[in-house]
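Have a look at entry.pdb; it's PDB, C-alpha atoms, pLDDT in the B column:
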MODEL        1
ATOM      1  CA  MET N1013     -35.512  16.866  -4.855  1.00 53.00           C
ATOM      2  CA  ARG N1014     -34.115  13.439  -5.594  1.00 61.00           C
ATOM      3  CA  ARG N1015     -31.609  14.803  -8.117  1.00 61.00           C
ATOM      4  CA  SER N1016     -30.316  17.428  -5.732  1.00 63.00           C
ATOM      5  CA  ALA N1017     -29.814  14.819  -2.984  1.00 64.00           C
ATOM      6  CA  LEU N1018     -27.946  12.600  -5.425  1.00 64.00           C
ATOM      7  CA  PHE N1019     -25.803  15.531  -6.568  1.00 65.00           C
ATOM      8  CA  VAL N1020     -24.930  16.466  -2.972  1.00 62.00           C
ATOM      9  CA  SER N1021     -24.072  12.838  -2.139  1.00 65.00           C
ATOM     10  CA  ILE N1022     -21.761  12.509  -5.132  1.00 68.00           C
ATOM     11  CA  TRP N1023     -20.143  15.897  -4.436  1.00 62.00           C
ATOM     12  CA  LEU N1024     -19.463  14.954  -0.808  1.00 61.00           C
ATOM     13  CA  ALA N1025     -18.039  11.563  -1.789  1.00 69.00           C
ATOM     14  CA  VAL N1026     -15.590  13.208  -4.198  1.00 67.00           C
ATOM     15  CA  ALA N1027     -14.817  16.510  -2.516  1.00 63.00           C
ATOM     16  CA  LEU N1028     -14.363  15.542   1.119  1.00 61.00           C
ATOM     17  CA  PRO N1029     -11.313  13.286   0.623  1.00 65.00           C
ATOM     18  CA  VAL N1030      -9.655  15.970  -1.515  1.00 61.00           C
ATOM     19  CA  LEU N1031     -10.404  18.699   1.011  1.00 63.00           C
ATOM     20  CA  ALA N1032      -9.029  16.542   3.842  1.00 64.00           C
ATOM     21  CA  GLN N1033      -5.528  16.450   2.327  1.00 65.00           C
ATOM     22  CA  GLU N1034      -3.035  18.777   3.961  1.00 78.00           C
ATOM     23  CA  ARG N1035      -0.876  18.964   0.852  1.00 79.00           C
ATOM     24  CA  GLY N1036      -0.487  17.302  -2.506  1.00 80.00           C
ATOM     25  CA  LEU N1037       2.043  14.670  -3.485  1.00 82.00           C
ATOM     26  CA  GLU N1038       5.544  16.133  -3.722  1.00 85.00           C
ATOM     27  CA  PRO N1039       8.693  14.757  -5.415  1.00 83.00           C
ATOM     28  CA  VAL N1040      10.342  13.884  -2.070  1.00 83.00           C
ATOM     29  CA  ASP N1041       7.403  11.566  -1.327  1.00 85.00           C
ATOM     30  CA  PHE N1042       8.651   9.271  -4.096  1.00 84.00           C
ATOM     31  CA  TYR N1043      11.512   8.119  -1.859  1.00 85.00           C
ATOM     32  CA  ARG N1044       9.172   7.325   1.035  1.00 87.00           C
ATOM     33  CA  GLU N1045       6.826   5.078  -0.917  1.00 89.00           C
ATOM     34  CA  ILE N1046       6.781   1.360  -0.187  1.00 90.00           C
ATOM     35  CA  GLY N1047       5.537  -0.945  -2.910  1.00 92.00           C
ATOM     36  CA  VAL N1048       4.040  -4.350  -2.208  1.00 92.00           C
ATOM     37  CA  GLY N1049       3.512  -6.810  -5.033  1.00 93.00           C
ATOM     38  CA  GLY N1050       4.414 -10.153  -6.504  1.00 91.00           C
ATOM     39  CA  VAL N1051       2.026 -12.038  -4.251  1.00 93.00           C
ATOM     40  CA  ALA N1052       2.158 -15.858  -4.393  1.00 94.00           C
ATOM     41  CA  LEU N1053       0.409 -18.486  -2.286  1.00 94.00           C
ATOM     42  CA  SER N1054       2.135 -21.730  -1.267  1.00 95.00           C
ATOM     43  CA  PRO N1055       0.608 -24.960  -2.674  1.00 96.00           C
ATOM     44  CA  ASP N1056      -0.866 -25.905   0.715  1.00 95.00           C
ATOM     45  CA  ALA N1057      -2.028 -22.301   1.383  1.00 93.00           C
ATOM     46  CA  SER N1058      -0.099 -22.153   4.650  1.00 95.00           C
ATOM     47  CA  MET N1059       2.133 -19.258   3.530  1.00 95.00           C
ATOM     48  CA  VAL N1060       1.907 -16.230   1.305  1.00 95.00           C
ATOM     49  CA  ALA N1061       5.007 -14.642  -0.216  1.00 95.00           C
ATOM     50  CA  PHE N1062       5.182 -11.050  -1.426  1.00 95.00           C
ATOM     51  CA  THR N1063       7.803  -8.522  -2.440  1.00 95.00           C
ATOM     52  CA  VAL N1064       8.414  -5.209  -0.690  1.00 95.00           C
ATOM     53  CA  THR N1065      10.158  -2.514  -2.742  1.00 94.00           C
ATOM     54  CA  THR N1066      11.703   0.638  -1.299  1.00 93.00           C
ATOM     55  CA  ILE N1067      13.868   3.302  -2.901  1.00 91.00           C
ATOM     56  CA  GLU N1068      17.306   4.175  -1.562  1.00 88.00           C
ATOM     57  CA  GLU N1069      17.660   7.897  -2.235  1.00 85.00           C
ATOM     58  CA  GLU N1070      21.444   8.120  -1.713  1.00 86.00           C
ATOM     59  CA  GLU N1071      22.140   5.255  -4.137  1.00 88.00           C
ATOM     60  CA  ASN N1072      19.244   6.231  -6.447  1.00 85.00           C
ATOM     61  CA  ALA N1073      18.281   2.564  -6.582  1.00 91.00           C
ATOM     62  CA  ARG N1074      15.365   0.324  -5.761  1.00 92.00           C
ATOM     63  CA  HIS N1075      15.686  -2.283  -3.005  1.00 92.00           C
ATOM     64  CA  ARG N1076      13.437  -5.351  -3.193  1.00 94.00           C
ATOM     65  CA  GLU N1077      12.975  -8.012  -0.523  1.00 95.00           C
ATOM     66  CA  ILE N1078      10.837 -11.144  -0.302  1.00 95.00           C
ATOM     67  CA  TRP N1079       8.625 -11.414   2.757  1.00 95.00           C
ATOM     68  CA  LEU N1080       6.565 -14.354   4.021  1.00 96.00           C
ATOM     69  CA  GLN N1081       3.411 -14.509   6.117  1.00 95.00           C
ATOM     70  CA  ARG N1082       2.030 -17.626   7.794  1.00 96.00           C
ATOM     71  CA  LEU N1083      -1.654 -18.311   7.190  1.00 95.00           C
ATOM     72  CA  VAL N1084      -4.189 -20.245   9.249  1.00 95.00           C
ATOM     73  CA  ASP N1085      -7.558 -20.806   7.595  1.00 92.00           C
ATOM     74  CA  GLY N1086      -6.680 -18.102   5.057  1.00 89.00           C
ATOM     75  CA  ARG N1087      -5.929 -15.452   7.690  1.00 91.00           C
ATOM     76  CA  ALA N1088      -2.604 -13.973   8.757  1.00 92.00           C
ATOM     77  CA  ASP N1089      -1.052 -15.710  11.769  1.00 93.00           C
ATOM     78  CA  GLY N1090       1.575 -13.599  13.525  1.00 92.00           C
ATOM     79  CA  GLU N1091       3.834 -11.027  11.931  1.00 93.00           C
ATOM     80  CA  PRO N1092       5.293 -11.290   8.428  1.00 93.00           C
ATOM     81  CA  PHE N1093       9.027 -11.960   8.261  1.00 93.00           C
ATOM     82  CA  ARG N1094      11.725 -11.148   5.737  1.00 94.00           C
ATOM     83  CA  PHE N1095      12.900 -14.127   3.682  1.00 93.00           C
ATOM     84  CA  SER N1096      15.571 -12.374   1.625  1.00 86.00           C
TER      85      SER N1096
ENDMDL
END
Would you mind writing the file out in structure tokens?
Amino acid sequence: MRRSALFVSIWLAVALPVLAQERGLEPVDFYREIGVGGVALSPDASMVAFTVTTIEEEENARHREIWLQRLVDGRADGEPFRFS
């Protein structure tokens, strides 16, 4: 009984997200993806900087910008803003 309950739990955890997808990833989705990375914290921990990368389909090139976010007690304060 215990094994069958465990099996059902694992199956539901894996299968339900897959079944919920309307379609798989397609090549055109590549141009819609937004990458966030390069995270760095200021020395006084009042700001966090990160890069946002998008892909320009017409130019077939990546576009990267630096964004900043103010922090208060380690939590985001307001909206992030583009630095470059």
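Interatomic distance, CA of Glu1068 (chain N) against CA of Leu1037 (chain N): 18.6 Å.
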(message) Using the chain letters and numbers from this file, what does the PyMOL selection byres ((chain N and resi 1070-1084) around 6) select? Give the answer as a ChimeraX atom specification.
(response) /N:1058-1069,1085-1089,1092-1096
Taking C-alpha atoms for each residue, export the selection above as an mmCIF file, keeping the file's coordinate frame.
data_model
loop_
_atom_site.group_PDB
_atom_site.id
_atom_site.type_symbol
_atom_site.label_atom_id
_atom_site.label_comp_id
_atom_site.auth_asym_id
_atom_site.auth_seq_id
_atom_site.Cartn_x
_atom_site.Cartn_y
_atom_site.Cartn_z
ATOM 1 C CA SER N 1058 -0.099 -22.153 4.650
ATOM 2 C CA MET N 1059 2.133 -19.258 3.530
ATOM 3 C CA VAL N 1060 1.907 -16.230 1.305
ATOM 4 C CA ALA N 1061 5.007 -14.642 -0.216
ATOM 5 C CA PHE N 1062 5.182 -11.050 -1.426
ATOM 6 C CA THR N 1063 7.803 -8.522 -2.440
ATOM 7 C CA VAL N 1064 8.414 -5.209 -0.690
ATOM 8 C CA THR N 1065 10.158 -2.514 -2.742
ATOM 9 C CA THR N 1066 11.703 0.638 -1.299
ATOM 10 C CA ILE N 1067 13.868 3.302 -2.901
ATOM 11 C CA GLU N 1068 17.306 4.175 -1.562
ATOM 12 C CA GLU N 1069 17.660 7.897 -2.235
ATOM 13 C CA ASP N 1085 -7.558 -20.806 7.595
ATOM 14 C CA GLY N 1086 -6.680 -18.102 5.057
ATOM 15 C CA ARG N 1087 -5.929 -15.452 7.690
ATOM 16 C CA ALA N 1088 -2.604 -13.973 8.757
ATOM 17 C CA ASP N 1089 -1.052 -15.710 11.769
ATOM 18 C CA PRO N 1092 5.293 -11.290 8.428
ATOM 19 C CA PHE N 1093 9.027 -11.960 8.261
ATOM 20 C CA ARG N 1094 11.725 -11.148 5.737
ATOM 21 C CA PHE N 1095 12.900 -14.127 3.682
ATOM 22 C CA SER N 1096 15.571 -12.374 1.625
#
(message) So the first atom is CA of Gly1090 (chain N) and the second is CA of Glu1045 (chain N); what is the distance between them in Å, to one decimal place?
(response) 24.2 Å
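The gap separating CA of Glu1091 (chain N) from CA of Ala1057 (chain N) is 16.5 Å, in Å to one decimal.
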